[in-house]
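One structure below.
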Amino acid sequence: MNLNFIPSSLVLFRFLISPFLLWDAIDGQVSIWFIIGFVTAFISDIFDGIIARKLGVSTAELRQADSWADVCLFSCIFISAWLLHKDVLITYRFPLLTVVFAQLIWWIVNLTKYGKPASYHTYSAKFWGITLFIAIVSLFGFNYAGFALWLTCIAGFIHTLEEIAMTLILPEWQHDVLSIFHALKIRKDLPNNSTP
């Protein structure tokens, strides 16, 4: 039985469920299905890469699609948060806007150098994802921001700085580079230690 379709199906699932999460929040409140849908989407994000590597189908195209699915999911979550918890987002506007600004610089750097966004899937990205999960469940499930939101903002800022540095280090677009130390090793191992 060919199981190679599983990782791409998990990525597609995140694309498809994202607008339904937003639809659930459009009236200014969410049901338990919002949390269930988000948790399921988060789990799919964990396992798509693991399964893809196990099956040997972790291609650049799949990893880019995975990244875009994340953008779609968290964009819908952010809009939902604005609809339900605008006061919280305004209260925490400084740390949130700091992360947004850092992400904007990330996009500019990557598009300028590679012509497309990076798809590193770093350890720091995984940690940021965990903190995002905690913050989102806390906010939508328990109406709590506090430490959880501060933690995800700090984690997101550090992660973004690391990936900007990695893009500046790597002469060519790469996918699945786990940390800045891996990026430095890749650059060191390049023929003639080429520079951008």
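Ordering of the structure tokens sets the chain letters (A, B, ...); residue numbers start at 1 within each chain; ligands are numbered from 1 in the order shown.
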
Fewer than 3 positions away in the same chain doesn't count, so skip those; otherwise give me all residues within 8 Å of Gly156 of chain A, counting only C-alpha atoms, as a ChimeraX atom specification.
-> /A:99,125,128,152-153,159-160

Export of prior selection with C-alpha atoms as a PDB file, in the first residue's frame:
```
ATOM      1  CA  VAL A  99       7.432  39.972  16.031  1.00  0.00           C
ATOM      2  CA  ALA A 125      10.610  27.224  14.748  1.00  0.00           C
ATOM      3  CA  TRP A 128       7.955  28.780  18.643  1.00  0.00           C
ATOM      4  CA  THR A 152       5.473  33.147  22.244  1.00  0.00           C
ATOM      5  CA  CYS A 153       6.428  36.700  21.278  1.00  0.00           C
ATOM      6  CA  HIS A 159      13.474  32.389  15.959  1.00  0.00           C
ATOM      7  CA  THR A 160      13.045  35.062  13.295  1.00  0.00           C
TER       8      THR A 160
END
```

Residues near segment 100-117 of chain A, cut-off 10 Å, only C-alpha atoms, skip fewer than 4 positions along chain, as number ranges by chain = A: 64, 67-68, 94-96, 153, 156-168, 170-174, 196

Gap from atom CA of Asp70 of chain A to atom CA of Ser44 of chain A - Å, one decimal | 10.6 Å

Find the residues near segment 20-34 of chain A: any atom within 12 Å, counting only C-alpha atoms, skip ones fewer than 4 places away on the same chain, and give them as a PyMOL selection string.
-> chain A and resi 13-16+38-41+72-86+136-137+139-143

Please, which residues of segment 84-144 of chain A, numbered as in this document, come out alpha helix (DSSP H) from DSSP, as an NGL selection string?
-> :A and (84 or 86-91 or 93-114 or 123-142)

So that I have them on file, write out the residues from the current selection with N, CA and C atoms, as a tab-separated table (two decimals), in the first residue's frame.
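Result written to again_9.tsv:
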```tsv
chain	number	residue	atom	x	y	z
A	84	LEU	N	-12.25	38.24	18.37
A	84	LEU	CA	-12.70	37.85	19.70
A	84	LEU	C	-11.98	38.56	20.84
A	86	LYS	N	-9.77	41.53	20.64
A	86	LYS	CA	-9.10	42.74	20.16
A	86	LYS	C	-8.42	43.49	21.30
A	87	ASP	N	-9.06	43.52	22.47
A	87	ASP	CA	-8.50	44.24	23.60
A	87	ASP	C	-7.16	43.64	24.04
A	88	VAL	N	-7.06	42.31	23.98
A	88	VAL	CA	-5.81	41.64	24.35
A	88	VAL	C	-4.71	42.00	23.35
A	89	LEU	N	-5.03	41.94	22.06
A	89	LEU	CA	-4.02	42.26	21.04
A	89	LEU	C	-3.56	43.71	21.16
A	90	ILE	N	-4.47	44.60	21.50
A	90	ILE	CA	-4.09	46.01	21.67
A	90	ILE	C	-3.21	46.18	22.91
A	91	THR	N	-3.56	45.48	23.98
A	91	THR	CA	-2.76	45.56	25.21
A	91	THR	C	-1.34	45.06	24.98
A	93	ARG	N	0.27	45.00	22.10
A	93	ARG	CA	0.64	45.43	20.75
A	93	ARG	C	2.15	45.57	20.57
A	94	PHE	N	2.87	46.00	21.61
A	94	PHE	CA	4.31	46.20	21.43
A	94	PHE	C	5.04	44.88	21.14
A	95	PRO	N	4.92	43.85	21.98
A	95	PRO	CA	5.60	42.59	21.65
A	95	PRO	C	5.08	41.96	20.38
A	96	LEU	N	3.78	42.07	20.11
A	96	LEU	CA	3.21	41.48	18.90
A	96	LEU	C	3.73	42.18	17.65
A	97	LEU	N	3.75	43.51	17.67
A	97	LEU	CA	4.24	44.26	16.51
A	97	LEU	C	5.74	44.07	16.31
A	98	THR	N	6.47	43.82	17.39
A	98	THR	CA	7.90	43.54	17.27
A	98	THR	C	8.12	42.26	16.48
A	99	VAL	N	7.33	41.24	16.77
A	99	VAL	CA	7.43	39.97	16.03
A	99	VAL	C	6.99	40.16	14.58
A	100	VAL	N	5.90	40.90	14.38
A	100	VAL	CA	5.41	41.15	13.02
A	100	VAL	C	6.47	41.89	12.21
A	101	PHE	N	7.11	42.89	12.81
A	101	PHE	CA	8.15	43.65	12.11
A	101	PHE	C	9.34	42.75	11.78
A	102	ALA	N	9.74	41.90	12.72
A	102	ALA	CA	10.84	40.97	12.47
A	102	ALA	C	10.49	40.01	11.34
A	103	GLN	N	9.25	39.52	11.33
A	103	GLN	CA	8.81	38.62	10.26
A	103	GLN	C	8.80	39.34	8.91
A	104	LEU	N	8.43	40.61	8.90
A	104	LEU	CA	8.46	41.40	7.67
A	104	LEU	C	9.88	41.50	7.13
A	105	ILE	N	10.83	41.76	8.01
A	105	ILE	CA	12.24	41.80	7.60
A	105	ILE	C	12.66	40.44	7.07
A	106	TRP	N	12.21	39.36	7.73
A	106	TRP	CA	12.51	37.98	7.28
A	106	TRP	C	12.05	37.78	5.84
A	107	TRP	N	10.82	38.21	5.54
A	107	TRP	CA	10.29	38.07	4.19
A	107	TRP	C	11.12	38.87	3.19
A	108	ILE	N	11.45	40.11	3.54
A	108	ILE	CA	12.21	40.96	2.63
A	108	ILE	C	13.58	40.36	2.33
A	109	VAL	N	14.25	39.91	3.38
A	109	VAL	CA	15.59	39.33	3.22
A	109	VAL	C	15.55	38.10	2.33
A	110	ASN	N	14.59	37.21	2.59
A	110	ASN	CA	14.51	35.98	1.81
A	110	ASN	C	14.09	36.21	0.37
A	111	LEU	N	13.12	37.08	0.16
A	111	LEU	CA	12.68	37.35	-1.21
A	111	LEU	C	13.76	38.08	-2.00
A	112	THR	N	14.50	38.95	-1.32
A	112	THR	CA	15.58	39.66	-1.99
A	112	THR	C	16.70	38.71	-2.40
A	113	LYS	N	17.06	37.79	-1.50
A	113	LYS	CA	18.20	36.91	-1.77
A	113	LYS	C	17.84	35.70	-2.62
A	114	TYR	N	16.70	35.07	-2.29
A	114	TYR	CA	16.35	33.81	-2.95
A	114	TYR	C	15.18	33.92	-3.93
A	123	TYR	N	14.86	24.11	14.74
A	123	TYR	CA	14.46	23.76	16.11
A	123	TYR	C	13.75	24.93	16.77
A	124	SER	N	14.25	26.16	16.49
A	124	SER	CA	13.62	27.33	17.11
A	124	SER	C	12.20	27.53	16.57
A	125	ALA	N	11.96	27.14	15.31
A	125	ALA	CA	10.61	27.22	14.75
A	125	ALA	C	9.68	26.24	15.46
A	126	LYS	N	10.22	25.06	15.75
A	126	LYS	CA	9.42	24.05	16.46
A	126	LYS	C	9.08	24.55	17.87
A	127	PHE	N	10.06	25.16	18.53
A	127	PHE	CA	9.80	25.70	19.87
A	127	PHE	C	8.79	26.83	19.81
A	128	TRP	N	8.93	27.70	18.81
A	128	TRP	CA	7.95	28.78	18.64
A	128	TRP	C	6.56	28.21	18.41
A	129	GLY	N	6.50	27.14	17.62
A	129	GLY	CA	5.21	26.50	17.37
A	129	GLY	C	4.56	25.99	18.65
A	130	ILE	N	5.37	25.42	19.53
A	130	ILE	CA	4.84	24.93	20.81
A	130	ILE	C	4.31	26.09	21.65
A	131	THR	N	5.07	27.20	21.69
A	131	THR	CA	4.62	28.35	22.47
A	131	THR	C	3.37	28.97	21.85
A	132	LEU	N	3.28	28.96	20.52
A	132	LEU	CA	2.07	29.46	19.86
A	132	LEU	C	0.87	28.60	20.22
A	133	PHE	N	1.09	27.30	20.24
A	133	PHE	CA	0.01	26.37	20.60
A	133	PHE	C	-0.50	26.68	22.01
A	134	ILE	N	0.42	26.84	22.94
A	134	ILE	CA	0.04	27.14	24.33
A	134	ILE	C	-0.71	28.46	24.41
A	135	ALA	N	-0.18	29.49	23.72
A	135	ALA	CA	-0.80	30.81	23.78
A	135	ALA	C	-2.20	30.81	23.16
A	136	ILE	N	-2.36	30.10	22.05
A	136	ILE	CA	-3.65	30.09	21.36
A	136	ILE	C	-4.70	29.32	22.16
A	137	VAL	N	-4.31	28.17	22.69
A	137	VAL	CA	-5.25	27.39	23.52
A	137	VAL	C	-5.60	28.18	24.78
A	138	SER	N	-4.61	28.87	25.36
A	138	SER	CA	-4.86	29.68	26.56
A	138	SER	C	-5.83	30.81	26.26
A	139	LEU	N	-5.62	31.46	25.11
A	139	LEU	CA	-6.45	32.62	24.76
A	139	LEU	C	-7.87	32.22	24.40
A	140	PHE	N	-8.00	31.25	23.50
A	140	PHE	CA	-9.33	30.89	23.01
A	140	PHE	C	-10.05	29.92	23.95
A	141	GLY	N	-9.27	29.11	24.67
A	141	GLY	CA	-9.91	28.14	25.55
A	141	GLY	C	-10.16	28.65	26.96
A	142	PHE	N	-9.26	29.56	27.44
A	142	PHE	CA	-9.35	29.99	28.84
A	142	PHE	C	-9.35	31.51	29.00
```

Hey, can you check how far atom CA of Lys188 of chain A sits from atom CA of Ile169 of chain A?
-> 10.0 Å

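Separating atom CA of Asp66 of chain A from atom CA of Asp176 of chain A is a distance of 11.4 Å.
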